file run10.tsv (TSV, C-alpha atoms)
chain	number	residue	atom	x	y	z
K	1	MET	CA	27.39	-64.31	-37.65
K	2	PRO	CA	28.88	-64.67	-34.15
K	3	ASN	CA	26.91	-63.72	-31.10
K	4	TYR	CA	28.27	-61.34	-28.49
K	5	MET	CA	27.11	-61.04	-24.93
K	6	LEU	CA	27.08	-57.58	-23.43
K	7	LEU	CA	27.29	-58.09	-19.68
K	8	LEU	CA	26.12	-54.99	-17.86
K	9	TYR	CA	27.65	-54.22	-14.50
K	10	ASP	CA	26.51	-51.33	-12.37
K	11	ASP	CA	26.26	-49.95	-8.87
K	12	PRO	CA	22.66	-50.63	-7.80
K	13	SER	CA	22.61	-47.55	-5.56
K	14	THR	CA	22.81	-45.35	-8.68
K	15	TRP	CA	19.07	-45.75	-9.16
K	16	LYS	CA	17.92	-45.28	-5.61
K	17	LYS	CA	17.71	-41.52	-5.51
K	18	MET	CA	16.40	-40.58	-8.93
K	19	SER	CA	13.39	-38.30	-9.32
K	20	PRO	CA	10.50	-39.34	-11.60
K	21	GLU	CA	11.81	-36.85	-14.18
K	22	GLU	CA	15.25	-38.39	-14.11
K	23	ILE	CA	13.75	-41.86	-14.35
K	24	GLN	CA	11.68	-40.74	-17.33
K	25	ARG	CA	14.76	-39.40	-19.11
K	26	GLY	CA	16.81	-42.46	-18.22
K	27	PHE	CA	14.12	-44.79	-19.40
K	28	GLU	CA	13.79	-43.02	-22.75
K	29	LYS	CA	17.50	-43.35	-23.36
K	30	TYR	CA	17.64	-46.99	-22.34
K	31	PHE	CA	14.60	-47.91	-24.34
K	32	ALA	CA	15.81	-46.09	-27.44
K	33	TRP	CA	18.99	-48.10	-27.26
K	34	ARG	CA	17.11	-51.38	-27.09
K	35	GLU	CA	14.91	-50.30	-30.01
K	36	LYS	CA	17.98	-49.42	-32.04
K	37	LEU	CA	19.18	-53.00	-31.71
K	38	ARG	CA	15.75	-54.34	-32.60
K	39	HIS	CA	15.52	-52.23	-35.75
K	40	GLN	CA	18.88	-53.48	-36.92
K	41	GLU	CA	17.59	-56.99	-36.22
K	42	ILE	CA	20.69	-57.90	-34.27
K	43	LEU	CA	19.04	-58.32	-30.85
K	44	VAL	CA	19.16	-62.01	-29.98
K	45	GLY	CA	18.01	-61.83	-26.39
K	46	SER	CA	18.21	-59.89	-23.15
K	47	ALA	CA	17.36	-60.36	-19.51
K	48	LYS	CA	17.54	-58.47	-16.27
K	49	LEU	CA	18.77	-60.33	-13.22
K	50	ALA	CA	16.77	-59.98	-10.00
K	51	ASP	CA	18.00	-57.39	-7.49
K	52	GLN	CA	18.24	-59.56	-4.38
K	53	PRO	CA	21.59	-61.07	-3.56
K	54	GLY	CA	21.88	-64.42	-5.27
K	55	LYS	CA	23.82	-67.44	-4.08
K	56	VAL	CA	27.43	-68.33	-4.53
K	57	VAL	CA	28.27	-72.02	-4.51
K	58	ARG	CA	31.85	-73.19	-3.98
K	59	GLY	CA	33.86	-75.99	-2.46
K	60	LYS	CA	35.35	-79.16	-3.82
K	61	ASP	CA	34.75	-81.74	-1.12
K	62	LYS	CA	32.24	-79.87	0.96
K	63	ILE	CA	29.86	-77.62	-0.90
K	64	ARG	CA	29.37	-74.22	0.72
K	65	VAL	CA	26.57	-71.88	-0.23
K	66	THR	CA	26.67	-68.20	0.66
K	67	ASP	CA	24.58	-65.18	-0.20
K	68	GLY	CA	26.03	-62.80	-2.70
K	69	PRO	CA	26.88	-60.63	-4.40
K	70	TYR	CA	25.52	-58.03	-2.04
K	71	SER	CA	23.87	-54.95	-3.43
K	72	GLU	CA	26.36	-52.77	-1.52
K	73	THR	CA	28.97	-54.02	-3.92
K	74	LYS	CA	29.89	-51.30	-6.37
K	75	GLU	CA	29.73	-53.47	-9.47
K	76	VAL	CA	27.01	-56.05	-9.76
K	77	LEU	CA	26.07	-57.95	-12.89
K	78	GLY	CA	22.58	-56.56	-13.47
K	79	GLY	CA	21.63	-58.02	-16.83
K	80	TYR	CA	22.78	-58.88	-20.30
K	81	PHE	CA	22.05	-58.38	-23.97
K	82	THR	CA	23.03	-60.86	-26.66
K	83	ILE	CA	23.54	-59.35	-30.09
K	84	GLU	CA	24.74	-60.50	-33.47
K	85	ALA	CA	27.85	-58.78	-34.75
K	86	PRO	CA	30.53	-59.59	-37.32
K	87	ASN	CA	33.39	-58.87	-34.90
K	88	TYR	CA	34.41	-57.28	-31.61
K	89	ALA	CA	34.83	-53.84	-33.15
K	90	SER	CA	31.26	-53.86	-34.32
K	91	ALA	CA	29.91	-55.18	-31.01
K	92	ILE	CA	31.79	-52.46	-29.14
K	93	GLU	CA	30.42	-49.88	-31.56
K	94	GLN	CA	26.91	-50.88	-30.50
K	95	CYS	CA	27.86	-50.19	-26.86
K	96	ARG	CA	29.12	-46.69	-27.46
K	97	ASP	CA	25.79	-44.98	-27.03
K	98	ARG	CA	24.50	-47.37	-24.39
K	99	PRO	CA	23.16	-45.10	-21.61
K	100	HIS	CA	24.54	-47.63	-19.15
K	101	LEU	CA	27.98	-46.02	-19.58
K	102	GLU	CA	26.58	-42.56	-19.01
K	103	TYR	CA	25.18	-43.74	-15.66
K	104	GLY	CA	28.55	-45.03	-14.51
K	105	GLY	CA	28.16	-48.71	-15.36
K	106	THR	CA	30.58	-50.91	-17.25
K	107	ILE	CA	29.95	-53.32	-20.08
K	108	GLU	CA	31.86	-56.53	-20.54
K	109	VAL	CA	31.75	-57.66	-24.16
K	110	ARG	CA	32.31	-61.36	-24.78
K	111	GLU	CA	32.02	-63.39	-27.92
K	112	VAL	CA	29.91	-66.50	-27.48
K	113	GLN	CA	32.07	-69.50	-28.29
K	114	LYS	CA	30.80	-71.69	-31.09
K	115	VAL	CA	31.29	-75.39	-30.50
K	116	PRO	CA	33.84	-76.61	-33.02
K	117	GLU	CA	32.35	-79.25	-35.27
K	118	ALA	CA	33.67	-82.73	-34.72
K	119	ARG	CA	35.49	-84.20	-37.67
K	120	PRO	CA	34.11	-87.46	-38.99
V	1	MET	CA	22.51	-40.70	-29.10
V	2	THR	CA	22.23	-41.68	-32.71
V	3	GLU	CA	18.49	-41.89	-32.53
V	4	ASP	CA	15.82	-39.63	-31.20
V	5	PRO	CA	14.39	-41.33	-28.10
V	6	ASP	CA	10.81	-40.30	-28.77
V	7	ARG	CA	10.85	-41.57	-32.30
V	8	ALA	CA	12.42	-44.83	-31.20
V	9	SER	CA	10.00	-45.52	-28.41
V	10	ASN	CA	7.05	-44.75	-30.66
V	11	HIS	CA	7.90	-47.75	-32.76
V	12	HIS	CA	6.84	-49.89	-29.87
V	13	PRO	CA	3.08	-50.29	-29.54
V	14	SER	CA	3.34	-49.06	-25.95
V	15	GLY	CA	5.70	-46.25	-26.86
V	16	GLU	CA	3.22	-43.43	-26.68
V	17	LEU	CA	1.90	-44.67	-23.37
V	18	VAL	CA	5.39	-44.60	-21.95
V	19	ASP	CA	6.43	-41.21	-23.27
V	20	HIS	CA	5.26	-39.31	-20.21
V	21	LEU	CA	4.35	-42.22	-18.03
V	22	PHE	CA	6.80	-41.79	-15.17
V	23	ARG	CA	6.41	-38.06	-14.93
V	24	SER	CA	2.64	-38.12	-15.13
V	25	ARG	CA	1.97	-41.18	-12.99
V	26	ALA	CA	4.35	-40.51	-10.14
V	27	GLY	CA	2.23	-37.82	-8.49
V	28	GLN	CA	-0.94	-39.76	-9.14
V	29	MET	CA	0.38	-42.90	-7.54
V	30	VAL	CA	1.73	-41.07	-4.50
V	31	ALA	CA	-1.68	-39.46	-4.00
V	32	TYR	CA	-3.49	-42.77	-4.43
V	33	LEU	CA	-1.27	-44.57	-1.95
V	34	THR	CA	-1.37	-41.73	0.55
V	35	ARG	CA	-5.15	-41.99	0.56
V	36	LEU	CA	-4.92	-45.74	1.14
V	37	LEU	CA	-2.22	-45.56	3.79
V	38	GLY	CA	-3.16	-42.32	5.49
V	39	PRO	CA	-1.25	-39.03	5.32
V	40	GLU	CA	1.11	-40.03	8.11
V	41	HIS	CA	2.62	-42.52	5.68
V	42	LEU	CA	3.36	-40.08	2.88
V	43	ASP	CA	7.04	-40.98	3.07
V	44	ILE	CA	6.23	-44.64	2.49
V	45	ALA	CA	4.05	-43.75	-0.47
V	46	GLU	CA	6.83	-41.70	-2.03
V	47	GLU	CA	9.38	-44.39	-1.39
V	48	VAL	CA	7.41	-47.27	-2.91
V	49	VAL	CA	6.46	-45.18	-5.94
V	50	GLN	CA	10.10	-44.29	-6.52
V	51	ASP	CA	10.94	-47.94	-6.15
V	52	ALA	CA	8.30	-49.00	-8.68
V	53	LEU	CA	9.59	-46.44	-11.21
V	54	ARG	CA	13.13	-47.61	-10.63
V	55	LYS	CA	12.13	-51.24	-11.17
V	56	ALA	CA	10.49	-50.29	-14.45
V	57	LEU	CA	13.55	-48.33	-15.54
V	58	GLN	CA	15.76	-51.28	-14.74
V	59	SER	CA	13.67	-54.10	-16.17
V	60	TRP	CA	11.65	-52.79	-19.12
V	61	PRO	CA	14.66	-52.00	-21.31
V	62	PHE	CA	15.58	-55.68	-20.99
V	63	HIS	CA	12.17	-57.31	-21.17
V	64	GLY	CA	10.18	-54.77	-23.13
V	65	VAL	CA	7.28	-52.64	-21.93
V	66	PRO	CA	4.40	-54.62	-20.39
V	67	ASP	CA	0.99	-54.48	-22.05
V	68	ASN	CA	-0.41	-52.16	-19.42
V	69	PRO	CA	2.54	-50.10	-18.19
V	70	ALA	CA	0.52	-47.83	-15.89
V	71	GLY	CA	-1.23	-50.83	-14.35
V	72	TRP	CA	2.13	-52.50	-13.86
V	73	LEU	CA	3.50	-49.48	-11.97
V	74	PHE	CA	0.41	-49.23	-9.77
V	75	ARG	CA	0.51	-52.90	-8.92
V	76	VAL	CA	4.21	-52.89	-8.05
V	77	ALA	CA	3.85	-49.73	-5.96
V	78	ARG	CA	0.83	-51.11	-4.12
V	79	ASN	CA	2.61	-54.37	-3.36
V	80	GLY	CA	5.55	-52.37	-2.07
V	81	ALA	CA	3.22	-50.38	0.18
V	82	VAL	CA	1.63	-53.54	1.58
V	83	ASP	CA	5.06	-54.93	2.40
V	84	ALA	CA	6.08	-51.68	4.07
V	85	ILE	CA	2.94	-51.63	6.22
V	86	ARG	CA	3.52	-55.25	7.25
V	87	ARG	CA	7.01	-54.31	8.36
V	88	ILE	CA	5.69	-51.39	10.39
V	89	ASN	CA	3.05	-53.55	12.10
V	90	LEU	CA	5.63	-56.14	12.99
V	91	ALA	CA	7.94	-53.46	14.34
V	92	SER	CA	5.22	-51.88	16.48
V	93	ARG	CA	4.22	-55.24	17.96
V	94	LYS	CA	7.81	-55.85	18.90
V	95	SER	CA	8.41	-52.31	20.08
V	96	ALA	CA	6.18	-52.76	23.16
V	97	ASP	CA	8.42	-55.55	24.40
V	98	LEU	CA	11.51	-53.58	23.54
V	99	LEU	CA	10.31	-50.53	25.44
V	100	ALA	CA	9.60	-52.67	28.49
V	101	ALA	CA	13.10	-54.13	28.30
V	102	ALA	CA	14.60	-50.69	27.80
V	103	GLY	CA	12.88	-49.52	31.00
V	104	ASN	CA	15.51	-51.47	32.93
V	105	LEU	CA	18.22	-49.34	31.40
V	106	THR	CA	17.04	-45.97	32.71
V	107	GLY	CA	20.07	-45.68	34.97
V	108	TYR	CA	22.43	-45.90	32.03
V	109	SER	CA	24.25	-42.69	31.18
V	110	GLU	CA	28.04	-42.75	31.07
V	111	PRO	CA	30.30	-45.72	31.71
V	112	ALA	CA	31.95	-43.80	34.58
V	113	SER	CA	28.68	-43.41	36.47
V	114	LEU	CA	27.15	-46.78	35.83
V	115	PRO	CA	24.94	-48.13	38.59
V	116	GLY	CA	26.89	-50.62	40.60
V	117	GLY	CA	30.25	-49.43	39.26
V	118	VAL	CA	32.66	-52.23	38.51
V	119	GLU	CA	30.04	-54.96	38.55
V	120	PHE	CA	28.03	-53.25	35.90
V	121	GLY	CA	31.14	-52.78	33.78
V	122	GLU	CA	31.74	-56.49	34.15
V	123	GLN	CA	28.18	-57.12	33.10
V	124	LEU	CA	28.71	-55.11	29.94
V	125	ARG	CA	31.82	-57.10	29.12
V	126	ASP	CA	29.89	-60.29	29.74
V	127	ASP	CA	27.27	-59.04	27.36
V	128	GLU	CA	29.92	-58.49	24.75
V	129	LEU	CA	31.39	-61.91	25.28
V	130	GLN	CA	27.93	-63.40	25.12
V	131	MET	CA	27.44	-61.56	21.86
V	132	LEU	CA	30.64	-63.01	20.46
V	133	LEU	CA	29.66	-66.52	21.51
V	134	MET	CA	26.29	-66.01	19.91
V	135	CYS	CA	27.99	-64.91	16.72
V	136	CYS	CA	30.02	-68.12	16.77
V	137	HIS	CA	27.08	-70.40	17.44
V	138	PRO	CA	27.42	-73.68	15.55
V	139	ARG	CA	23.88	-73.40	14.29
V	140	LEU	CA	24.93	-70.49	12.12
V	141	PRO	CA	26.58	-71.26	8.80
V	142	ARG	CA	30.34	-70.96	9.07
V	143	GLU	CA	30.50	-68.01	6.68
V	144	ALA	CA	27.96	-66.12	8.75
V	145	ARG	CA	29.92	-66.86	11.93
V	146	VAL	CA	33.07	-65.45	10.40
V	147	ALA	CA	31.34	-62.31	9.23
V	148	LEU	CA	29.36	-61.71	12.41
V	149	SER	CA	32.17	-62.32	14.85
V	150	SER	CA	34.76	-60.36	12.93
V	151	GLN	CA	32.33	-57.45	12.76
V	152	ASN	CA	31.78	-57.74	16.47
V	153	SER	CA	35.34	-58.20	17.55
V	154	ARG	CA	36.22	-55.07	15.64
V	155	ARG	CA	33.72	-53.18	17.71
V	156	VAL	CA	35.23	-54.53	20.90
V	157	GLN	CA	38.66	-53.49	19.70
V	158	HIS	CA	37.48	-50.00	18.89
V	159	GLN	CA	36.38	-49.57	22.45
V	160	GLY	CA	39.97	-50.22	23.46
V	161	ASP	CA	38.71	-52.67	26.01
V	162	CYS	CA	40.32	-55.85	24.91
V	163	GLU	CA	41.94	-56.98	21.76
V	164	SER	CA	40.07	-60.19	21.66
V	165	PHE	CA	40.37	-61.43	18.15
V	166	SER	CA	42.78	-60.87	15.36
V	167	PHE	CA	41.51	-62.02	12.03
V	168	ARG	CA	43.83	-62.35	9.14
V	169	GLY	CA	41.05	-62.25	6.64
V	170	SER	CA	39.40	-58.94	6.23
V	171	TYR	CA	35.88	-58.32	7.35
V	172	CYS	CA	34.92	-57.25	3.86
V	173	ARG	CA	35.94	-60.54	2.34
V	174	ALA	CA	34.12	-62.48	4.97
V	175	LYS	CA	30.99	-60.46	4.48
V	176	ALA	CA	31.11	-60.96	0.76
V	177	GLY	CA	30.99	-64.64	1.56
V	178	ALA	CA	34.37	-65.21	0.00
V	179	CYS	CA	36.13	-66.65	3.02
V	180	GLN	CA	39.04	-67.58	0.82
V	181	THR	CA	42.23	-67.55	2.80
V	182	PRO	CA	43.31	-71.11	2.21
V	183	ASP	CA	46.57	-72.26	3.69
V	184	SER	CA	48.38	-75.39	2.63
V	185	ARG	CA	45.93	-77.65	4.43
V	186	GLY	CA	42.94	-75.80	3.13
V	187	LYS	CA	41.96	-74.79	6.61
V	188	HIS	CA	40.85	-71.22	6.89
V	189	ARG	CA	42.99	-68.98	9.02
V	190	PHE	CA	40.58	-66.88	10.96
V	191	ARG	CA	42.00	-67.65	14.36
V	192	PRO	CA	41.40	-66.08	17.72
V	193	ALA	CA	44.54	-64.67	19.27
V	194	PHE	CA	44.09	-63.69	22.85
V	195	GLY	CA	46.10	-61.88	25.43
V	196	LYS	CA	48.13	-59.66	23.16
V	197	ARG	CA	47.68	-56.66	25.36
V	198	ALA	CA	48.60	-56.28	28.99
V	199	GLY	CA	45.29	-54.62	29.83
V	200	CYS	CA	43.29	-57.59	28.70
V	201	PRO	CA	41.04	-59.02	31.44
V	202	PRO	CA	42.46	-62.31	32.71
V	203	ARG	CA	39.48	-64.40	31.76
V	204	PHE	CA	39.86	-63.37	28.17
V	205	ARG	CA	43.40	-64.71	28.11
V	206	GLY	CA	44.22	-68.11	26.73
V	207	GLY	CA	41.06	-68.47	24.83
V	208	SER	CA	41.44	-72.21	24.46
V	209	SER	CA	37.90	-72.80	25.60
V	210	LEU	CA	36.47	-70.40	23.07
V	211	PRO	CA	35.36	-71.84	19.79
V	212	TYR	CA	37.12	-71.10	16.59
V	213	VAL	CA	34.82	-69.30	14.32
call {"tool": "encode", "arguments": {"input": "run10.tsv", "output": "structure tokens"}}
result
Amino acid sequence: MPNYMLLLYDDPSTWKKMSPEEIQRGFEKYFAWREKLRHQEILVGSAKLADQPGKVVRGKDKIRVTDGPYSETKEVLGGYFTIEAPNYASAIEQCRDRPHLEYGGTIEVREVQKVPEARP
Amino acid sequence: MTEDPDRASNHHPSGELVDHLFRSRAGQMVAYLTRLLGPEHLDIAEEVVQDALRKALQSWPFHGVPDNPAGWLFRVARNGAVDAIRRINLASRKSADLLAAAGNLTGYSEPASLPGGVEFGEQLRDDELQMLLMCCHPRLPREARVALSSQNSRRVQHQGDCESFSFRGSYCRAKAGACQTPDSRGKHRFRPAFGKRAGCPPRFRGGSSLPYV
């Protein structure tokens, strides 16, 4: 079955001003979602990216390295889940109740490309 | 939700521990840290506890709940508090010097009544120019120079004093580190453009001796 990456973008400032009660509720929703994937045995992997601005490397002849993206940016890639799904429709279905959307984030759904087998 | 959160989290061995963790531990951790830091630092205690809870909310759903979730929160909050105290100590050591330096500025009130009149106004402009040159210092990475000096030149412009720089790129792009305004030769186009306004002080005109950012 193909793998799909769910790339989670959000505004980091969303979480700055939450009360412990709100964090508790948010956590329960997020964790339930992760558990749902685990129970269906379609969770391949997941990781959270560190909060600090990372580095952006560019340049053809002369390599330039800058800090970024900054946390003031409204949409930062915060983490990803990789799940197994038969098709896009099914992968998107798994996102529907992702609390991430409720908190104003967006999810980019991408199928992981399988390397075509070389013909003999 | 298609699934009851409580039921779902209970499937995890740490589920029950987490059910009321944030609610129940928040007050406890604030109290603990306030005792360690002293009551005058209650705001720091609250801030680092909130930060620890937020980090848990953001990372546990990806990585799973750690074996000892309460211990994890305490450790992260305590580390945050130590960092905050270090910052305060550093600031207070520096603040003595800053206060001494600020003592020289007691005469400062309004630009119209500056001590020394015109000369002092000149001094302020020199300070601004110095600031711009500092922002353009070759030791800084080029991207930082672009961001710093465009930020600064905007401030100078806002004061209506002198339109010293006109950057085609926007400040936002520069700050994001993008710096992508390539022309045909691949040279970036953030160029100083002096002397656009009649009221510009003479020594700001020309600008040929000033560095490109």
call {"tool": "atom_distance", "arguments": {"input": "run10.tsv", "atom1": "CA of Trp33 (chain K)", "atom2": "CA of Asn87 (chain K)"}}
result
19.5 Å
call {"tool": "closest_atom_pairs", "arguments": {"input": "run10.tsv", "of": "chain K", "to": "chain V", "cutoff": "10 Å", "atoms": "all atoms listed in the file", "output": "tab-separated table"}}
result
residue	atom	partner	partner_atom	distance
K:Pro12	CA	V:Gln58	CA	9.8
K:Trp15	CA	V:Arg54	CA	6.4
K:Lys16	CA	V:Arg54	CA	7.3
K:Lys17	CA	V:Gln50	CA	8.2
K:Met18	CA	V:Gln50	CA	7.7
K:Ser19	CA	V:Gln50	CA	7.4
K:Pro20	CA	V:Arg23	CA	5.4
K:Glu21	CA	V:Arg23	CA	5.6
K:Glu22	CA	V:Arg23	CA	8.9
K:Ile23	CA	V:Leu57	CA	6.6
K:Gln24	CA	V:Phe22	CA	5.4
K:Arg25	CA	V:Phe22	CA	9.2
K:Gly26	CA	V:Leu57	CA	7.2
K:Phe27	CA	V:Leu57	CA	5.3
K:Glu28	CA	V:Pro5	CA	5.6
K:Lys29	CA	V:Pro5	CA	6.0
K:Tyr30	CA	V:Pro61	CA	5.9
K:Phe31	CA	V:Pro61	CA	5.1
K:Ala32	CA	V:Pro5	CA	5.0
K:Trp33	CA	V:Glu3	CA	8.2
K:Arg34	CA	V:Pro61	CA	6.3
K:Glu35	CA	V:Ala8	CA	6.1
K:Lys36	CA	V:Ala8	CA	7.3
K:His39	CA	V:Ala8	CA	9.2
K:Gly45	CA	V:Phe62	CA	8.5
K:Ser46	CA	V:Phe62	CA	5.4
K:Ala47	CA	V:Phe62	CA	5.2
K:Lys48	CA	V:Phe62	CA	5.8
K:Leu49	CA	V:Ser59	CA	8.6
K:Ala50	CA	V:Ser59	CA	9.1
K:Asp51	CA	V:Lys55	CA	9.3
K:Lys55	CA	V:Gly177	CA	9.5
K:Val56	CA	V:Gly177	CA	8.0
K:Val57	CA	V:Gly177	CA	9.9
K:Arg58	CA	V:Ala178	CA	9.3
K:Arg64	CA	V:Glu143	CA	8.7
K:Val65	CA	V:Gly177	CA	8.7
K:Thr66	CA	V:Gly177	CA	5.7
K:Asp67	CA	V:Gly177	CA	6.7
K:Gly68	CA	V:Ala176	CA	6.4
K:Pro69	CA	V:Ala176	CA	6.7
K:Tyr70	CA	V:Ala176	CA	6.9
K:Glu72	CA	V:Ala176	CA	9.7
K:Thr73	CA	V:Ala176	CA	8.6
K:Gly78	CA	V:Gln58	CA	8.7
K:Gly79	CA	V:Phe62	CA	7.7
K:Tyr80	CA	V:Phe62	CA	7.9
K:Phe81	CA	V:Phe62	CA	7.6
K:Arg96	CA	V:Met1	CA	9.1
K:Asp97	CA	V:Met1	CA	5.8
K:Arg98	CA	V:Met1	CA	8.4
K:Pro99	CA	V:Met1	CA	8.7
call {"tool": "axis_aligned_box", "arguments": {"input": "run10.tsv", "around": "region 76-87 of chain K", "padding_each_side": "4 Å", "output": "lines of an AutoDock Vina configuration file"}}
result
center_x = 27.5
center_y = -58.5
center_z = -23.5
size_x = 19.8
size_y = 12.8
size_z = 35.6
call {"tool": "closest_residue", "arguments": {"input": "run10.tsv", "among": "K:Arg110, K:Glu84, K:Val115, K:His100", "to": "Leu37 (chain K)", "atoms": "all atoms listed in the file"}}
result
K:Glu84
call {"tool": "atom_distance", "arguments": {"input": "run10.tsv", "atom1": "CA of Tyr88 (chain K)", "atom2": "CA of Gln40 (chain K)"}}
result
16.8 Å
call {"tool": "atom_distance", "arguments": {"input": "run10.tsv", "atom1": "CA of Glu93 (chain K)", "atom2": "CA of Lys114 (chain K)"}}
result
21.8 Å
